[in-house]
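**Q** protein29.pdb is reproduced in full below (PDB, C-alpha atoms, pLDDT in the B column).
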```
ATOM      1  CA  HIS A  87     106.084 -54.496  43.000  1.00 60.00           C
ATOM      2  CA  PRO A  88     106.321 -51.511  40.603  1.00 68.00           C
ATOM      3  CA  ILE A  89     107.580 -48.971  43.177  1.00 71.00           C
ATOM      4  CA  VAL A  90     110.343 -51.305  44.366  1.00 71.00           C
ATOM      5  CA  ARG A  91     111.405 -51.964  40.768  1.00 76.00           C
ATOM      6  CA  LYS A  92     111.476 -48.240  39.950  1.00 85.00           C
ATOM      7  CA  GLU A  93     113.585 -47.398  43.022  1.00 85.00           C
ATOM      8  CA  MET A  94     115.865 -50.359  42.407  1.00 83.00           C
ATOM      9  CA  PHE A  95     116.582 -49.403  38.797  1.00 86.00           C
ATOM     10  CA  ALA A  96     117.089 -45.740  39.755  1.00 90.00           C
ATOM     11  CA  PHE A  97     119.663 -46.810  42.347  1.00 91.00           C
ATOM     12  CA  ILE A  98     121.441 -49.028  39.805  1.00 88.00           C
ATOM     13  CA  LYS A  99     121.570 -46.191  37.271  1.00 91.00           C
ATOM     14  CA  LYS A 100     122.928 -43.775  39.866  1.00 94.00           C
ATOM     15  CA  ASN A 101     125.650 -46.255  40.871  1.00 93.00           C
ATOM     16  CA  LYS A 102     126.444 -47.782  37.475  1.00 90.00           C
ATOM     17  CA  ARG A 103     130.156 -46.953  37.731  1.00 93.00           C
ATOM     18  CA  LYS A 104     130.563 -48.811  41.027  1.00 91.00           C
ATOM     19  CA  LYS A 105     132.165 -52.249  41.020  1.00 88.00           C
ATOM     20  CA  MET A 106     129.490 -53.617  43.369  1.00 89.00           C
ATOM     21  CA  VAL A 107     126.169 -52.409  44.702  1.00 89.00           C
ATOM     22  CA  PHE A 108     124.184 -53.986  47.493  1.00 90.00           C
ATOM     23  CA  PHE A 109     120.479 -54.094  48.203  1.00 88.00           C
ATOM     24  CA  GLU A 110     118.516 -55.103  51.261  1.00 86.00           C
ATOM     25  CA  ILE A 111     115.171 -56.261  49.930  1.00 84.00           C
ATOM     26  CA  PRO A 112     113.177 -58.296  52.471  1.00 79.00           C
ATOM     27  CA  LEU A 113     110.664 -59.620  49.913  1.00 84.00           C
ATOM     28  CA  LEU A 114     113.087 -59.994  47.003  1.00 89.00           C
ATOM     29  CA  ILE A 115     112.135 -63.568  46.164  1.00 92.00           C
ATOM     30  CA  GLU A 116     108.454 -63.080  46.857  1.00 89.00           C
ATOM     31  CA  SER A 117     108.492 -60.044  44.534  1.00 87.00           C
ATOM     32  CA  LYS A 118     110.113 -62.142  41.768  1.00 88.00           C
ATOM     33  CA  LEU A 119     113.083 -59.794  41.448  1.00 88.00           C
ATOM     34  CA  THR A 120     115.872 -62.384  41.675  1.00 92.00           C
ATOM     35  CA  LYS A 121     116.615 -62.308  37.930  1.00 91.00           C
ATOM     36  CA  HIS A 122     117.934 -58.748  38.292  1.00 87.00           C
ATOM     37  CA  PHE A 123     120.796 -59.758  40.592  1.00 91.00           C
ATOM     38  CA  ASP A 124     124.098 -61.553  40.019  1.00 92.00           C
ATOM     39  CA  LEU A 125     124.339 -62.859  43.562  1.00 95.00           C
ATOM     40  CA  ILE A 126     121.772 -63.394  46.291  1.00 96.00           C
ATOM     41  CA  ILE A 127     122.743 -63.784  49.936  1.00 96.00           C
ATOM     42  CA  PHE A 128     120.018 -64.856  52.351  1.00 95.00           C
ATOM     43  CA  ILE A 129     120.599 -63.626  55.894  1.00 94.00           C
ATOM     44  CA  LYS A 130     118.746 -66.044  58.127  1.00 95.00           C
ATOM     45  CA  SER A 131     117.783 -65.774  61.773  1.00 94.00           C
ATOM     46  CA  LYS A 132     115.143 -67.299  63.997  1.00 93.00           C
ATOM     47  CA  LYS A 133     111.737 -65.639  64.091  1.00 93.00           C
ATOM     48  CA  GLN A 134     111.952 -64.811  67.803  1.00 93.00           C
ATOM     49  CA  LEU A 135     115.294 -63.095  67.333  1.00 93.00           C
ATOM     50  CA  ARG A 136     113.996 -61.132  64.336  1.00 91.00           C
ATOM     51  CA  LEU A 137     110.993 -60.067  66.411  1.00 92.00           C
ATOM     52  CA  LYS A 138     113.233 -58.966  69.288  1.00 92.00           C
ATOM     53  CA  ARG A 139     115.386 -56.884  66.912  1.00 91.00           C
ATOM     54  CA  PHE A 140     112.301 -55.416  65.232  1.00 90.00           C
ATOM     55  CA  LYS A 141     110.781 -54.395  68.564  1.00 90.00           C
ATOM     56  CA  SER A 142     114.077 -52.857  69.710  1.00 91.00           C
ATOM     57  CA  LYS A 143     113.658 -50.328  66.894  1.00 89.00           C
ATOM     58  CA  SER A 144     110.346 -49.203  68.449  1.00 79.00           C
ATOM     59  CA  ARG A 145     108.327 -51.147  65.939  1.00 81.00           C
ATOM     60  CA  ASP A 146     104.946 -52.758  66.553  1.00 87.00           C
ATOM     61  CA  GLN A 147     104.591 -56.531  66.864  1.00 89.00           C
ATOM     62  CA  LYS A 148     101.437 -56.457  64.689  1.00 92.00           C
ATOM     63  CA  LEU A 149     103.472 -54.924  61.863  1.00 90.00           C
ATOM     64  CA  PHE A 150     106.143 -57.585  62.336  1.00 91.00           C
ATOM     65  CA  ASN A 151     103.499 -60.319  62.137  1.00 92.00           C
ATOM     66  CA  LEU A 152     102.055 -58.813  58.963  1.00 90.00           C
ATOM     67  CA  LEU A 153     105.453 -58.545  57.275  1.00 87.00           C
ATOM     68  CA  ASN A 154     106.441 -62.005  58.440  1.00 90.00           C
ATOM     69  CA  SER A 155     103.228 -63.512  57.068  1.00 92.00           C
ATOM     70  CA  LYS A 156     104.136 -62.208  53.583  1.00 90.00           C
ATOM     71  CA  GLN A 157     107.475 -64.004  53.603  1.00 91.00           C
ATOM     72  CA  MET A 158     108.152 -67.382  52.070  1.00 93.00           C
ATOM     73  CA  ARG A 159     109.389 -70.136  54.384  1.00 94.00           C
ATOM     74  CA  ASP A 160     113.169 -70.190  54.781  1.00 94.00           C
ATOM     75  CA  ASP A 161     113.585 -73.657  53.267  1.00 95.00           C
ATOM     76  CA  LYS A 162     111.842 -72.515  50.079  1.00 95.00           C
ATOM     77  CA  LYS A 163     113.636 -69.158  49.990  1.00 94.00           C
ATOM     78  CA  ILE A 164     117.073 -70.796  50.310  1.00 95.00           C
ATOM     79  CA  LYS A 165     116.595 -72.536  46.946  1.00 95.00           C
ATOM     80  CA  PHE A 166     116.819 -69.125  45.224  1.00 95.00           C
ATOM     81  CA  CYS A 167     119.968 -68.002  47.045  1.00 96.00           C
ATOM     82  CA  ASP A 168     123.652 -68.359  46.283  1.00 97.00           C
ATOM     83  CA  TYR A 169     124.671 -68.132  49.932  1.00 97.00           C
ATOM     84  CA  VAL A 170     123.018 -68.403  53.323  1.00 97.00           C
ATOM     85  CA  VAL A 171     124.450 -66.530  56.292  1.00 96.00           C
ATOM     86  CA  VAL A 172     123.074 -67.290  59.737  1.00 95.00           C
ATOM     87  CA  ASN A 173     122.712 -64.083  61.752  1.00 94.00           C
ATOM     88  CA  GLU A 174     122.078 -65.100  65.337  1.00 91.00           C
ATOM     89  CA  LYS A 175     125.085 -63.529  67.035  1.00 89.00           C
ATOM     90  CA  ASN A 176     126.101 -59.908  66.552  1.00 90.00           C
ATOM     91  CA  LEU A 177     126.699 -57.388  63.788  1.00 90.00           C
ATOM     92  CA  LYS A 178     130.482 -57.830  63.893  1.00 95.00           C
ATOM     93  CA  ILE A 179     130.197 -61.552  63.103  1.00 95.00           C
ATOM     94  CA  LEU A 180     127.608 -60.900  60.392  1.00 95.00           C
ATOM     95  CA  LYS A 181     129.915 -58.367  58.703  1.00 95.00           C
ATOM     96  CA  LYS A 182     132.847 -60.809  58.881  1.00 96.00           C
ATOM     97  CA  ASN A 183     130.768 -63.561  57.262  1.00 96.00           C
ATOM     98  CA  LEU A 184     129.541 -61.237  54.521  1.00 95.00           C
ATOM     99  CA  LEU A 185     133.035 -59.913  53.800  1.00 95.00           C
ATOM    100  CA  THR A 186     134.258 -63.482  53.371  1.00 96.00           C
ATOM    101  CA  ILE A 187     131.659 -63.997  50.632  1.00 96.00           C
ATOM    102  CA  ILE A 188     132.187 -60.611  48.994  1.00 93.00           C
ATOM    103  CA  SER A 189     135.962 -61.045  48.862  1.00 94.00           C
ATOM    104  CA  LYS A 190     135.465 -63.953  46.447  1.00 94.00           C
ATOM    105  CA  TYR A 191     134.037 -61.512  43.882  1.00 88.00           C
ATOM    106  CA  GLU A 192     136.466 -58.605  44.151  1.00 80.00           C
TER     107      GLU A 192
END
```
Please render this file's structure as structure tokens.
**A**
Amino acid sequence: HPIVRKEMFAFIKKNKRKKMVFFEIPLLIESKLTKHFDLIIFIKSKKQLRLKRFKSKSRDQKLFNLLNSKQMRDDKKIKFCDYVVVNEKNLKILKKNLLTIISKYE
């Protein structure tokens, strides 16, 4: 998607002196942007849990269904990823798991 690419490259340029930069791009693989990244971490959780989290942010279930319908199945998406982190507990555990991965590249 042209807008996503433009924003992504602007962010990279702005942060070019940083050792690492991170992006959260829900449709990264579907948008064919993987070639622009050194490392891809897929954060996986069950659909019902994602829906619950989405709704807790005062978001509409119809919007969730639309966004979810645009996403590739997890088993296909995983093939493009360097790591998979299951996020079905809490934010503290997710951060710990991500820091374990990131520490390998520092």
**Q** On this file, the PyMOL selection byres ((chain A and resi 118-120) around 12) gives some set of residues; write that set as an NGL selection string.
**A** :A and (87-88 or 90-92 or 94-95 or 109 or 111-117 or 121-128 or 158 or 163 or 165-168)
**Q** Using only C-alpha atoms, can you tell me which of A:Lys105, A:Lys190, A:Lys175, A:Lys148 comes closest to Leu135 in chain A?
**A**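 The answer is A:Lys175, which sits nearest to Leu135 in chain A.
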**Q** One number please: CA of Lys133 in chain A to CA of Asp146 in chain A, in Å, one decimal.
**A** 14.8 Å
**Q** Quick one: residues within 10 Å of Arg136 in chain A, all atoms listed in the file, excluding same-chain residues fewer than 3 positions away - as a PyMOL selection string?
**A** chain A and resi 130-133+139-142+150+154+173-174
**Q** Choose the residue, out of A:Leu137, A:Leu185, A:Glu192, A:Val170, that has the smallest atom-to-atom separation from Lys104 in chain A; count all atoms listed in the file.
**A**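 Closest to Lys104 in chain A of all the choices is A:Glu192.
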